[in-house]
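Enquirer: My questions will all concern the structure given below.
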Amino acid sequence: MTDKATIAELQAMVRTLPDFPKPGIQFRDITTLISNGRGLSSAVAHLAELARADEPQLIAGMEARGFIFGAAVAAALGVGFLPIRKPGKLPVPTIGVDYALEYGTDRLEIDPDAISANMRVTIVDDLIATGGTALATVQLLRNAGADVRQALFVIDLPDLGGASKLRDADIATQSLMHFNGD
Ligand code: AMP
């Protein structure tokens, strides 16, 4: 790989779009980071370094942007990848968890056969905002018997409090960069 991009360089590759998907939201768009070869490989290298320290046996990533970073981190570590899916996508009997959104509820599902008892699993996603998605993922994996201790994100929006909620659930939570004011 060419020299690894710094966190400041990676942060400059994230595009901010005001009022998407609705008024008042500052959308942090990682597509500009992943379309840059040095950006993608460097973000994955930074995440893989953090993941390696926890010696996970499996990486779990949330649909859809968590698949991009999670699968790459798993490949870098030589461990498997577990997709955390939206409802109705998996072709096998699943276990799932329902969780609250601002309006209504959503559901995440996994193939329970992908987890063996006390397997050490690290969660990877592009961004943590309120933490609702990540906390539901932790609950789902723990229900399946996993030992979940670590969660990694490219971006943290600390004003929305998700990372502190995850830490309260005994998850070592780290992000490559943060954006204030959301
Ligand atoms: P949350 O459950 O509130 O932590 O939201 C996490 C998910 O929503 C992440 O997987 C992000 O992909 C997406 N998301 C939430 N807020 C933003 C934002 N401001 N910019 C980009 N993506 C966001």
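Ordering of the structure tokens sets the chain letters (A, B, ...); residue numbers start at 1 within each chain; ligands are numbered from 1 in the order shown.
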Identify, on the basis of only C-alpha atoms, every residue whose closest approach to A:Lys89 does not exceed 12 Å; exclude the query and any residue fewer than 2 positions from it along the same chain; express the result as JSON, numbers by chain.

Expert: {"A": [63, 83, 84, 85, 86, 87, 91, 92, 93, 94, 96, 107, 108, 109, 110, 111]}

Enquirer: Could I get the residue neighbourhood of ligand 1 at 9 Å, counting only C-alpha atoms and all ligand atoms, as a count of residues only?

Expert: 37

Enquirer: Return the single residue from A:Leu166, A:Ala72, A:Met13, A:Ala172 that is closest to A:Ser41, with distances computed using only C-alpha atoms.

Expert: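 Looking at the shortest contact to A:Ser41, the residue is A:Ala72.
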
Enquirer: Point out the residue among A:Asn180, A:Ser116, A:Thr31, A:Gln11 with the least atom-to-atom distance to A:Leu58, counting only C-alpha atoms.

Expert: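 Ranked by minimum distance to A:Leu58, first place goes to A:Ser116.
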
Enquirer: Compile the contact shell of A:Gly37 as a list in words: residues with an atom at most 12 Å away, counting only C-alpha atoms, same-chain residues fewer than 3 positions apart removed.

Expert: Met1, Thr2, Asp3, Lys4, Ala5, Leu10, Met13, Thr31, Thr32, Leu33, Ile34, Leu40, Ser41, Ser42, Ala43 and Val44 of chain A

Enquirer: Mind dumping the selected residues with C-alpha atoms as a CSV table (one decimal), in the first residue's frame?

Expert:
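Wrote out_26.csv, looks like this:
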chain,number,residue,atom,x,y,z
A,1,MET,CA,0.0,0.0,0.0
A,2,THR,CA,1.1,3.6,-0.5
A,3,ASP,CA,1.6,5.5,2.7
A,4,LYS,CA,-1.3,5.3,5.1
A,5,ALA,CA,-3.5,8.4,5.1
A,10,LEU,CA,-9.5,10.7,5.9
A,13,MET,CA,-12.5,12.8,2.3
A,31,THR,CA,-18.9,7.3,-0.4
A,32,THR,CA,-16.3,10.0,-1.2
A,33,LEU,CA,-13.8,8.3,1.2
A,34,ILE,CA,-14.3,4.8,-0.2
A,40,LEU,CA,-10.5,3.1,1.6
A,41,SER,CA,-7.3,1.1,2.3
A,42,SER,CA,-6.2,3.5,5.0
A,43,ALA,CA,-9.5,3.6,6.8
A,44,VAL,CA,-9.6,-0.2,6.8

Enquirer: From a DSSP calculation on the backbone, collect every residue of stretch 21-70 of chain A in strand (DSSP E or B) and output the set as a list in words.

Expert: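 Residues meeting the strand (DSSP E or B) criterion: Gln26, Phe27, Arg28, Asp29, Leu58, Ile59, Ala60, Gly61 and Met62 of chain A.
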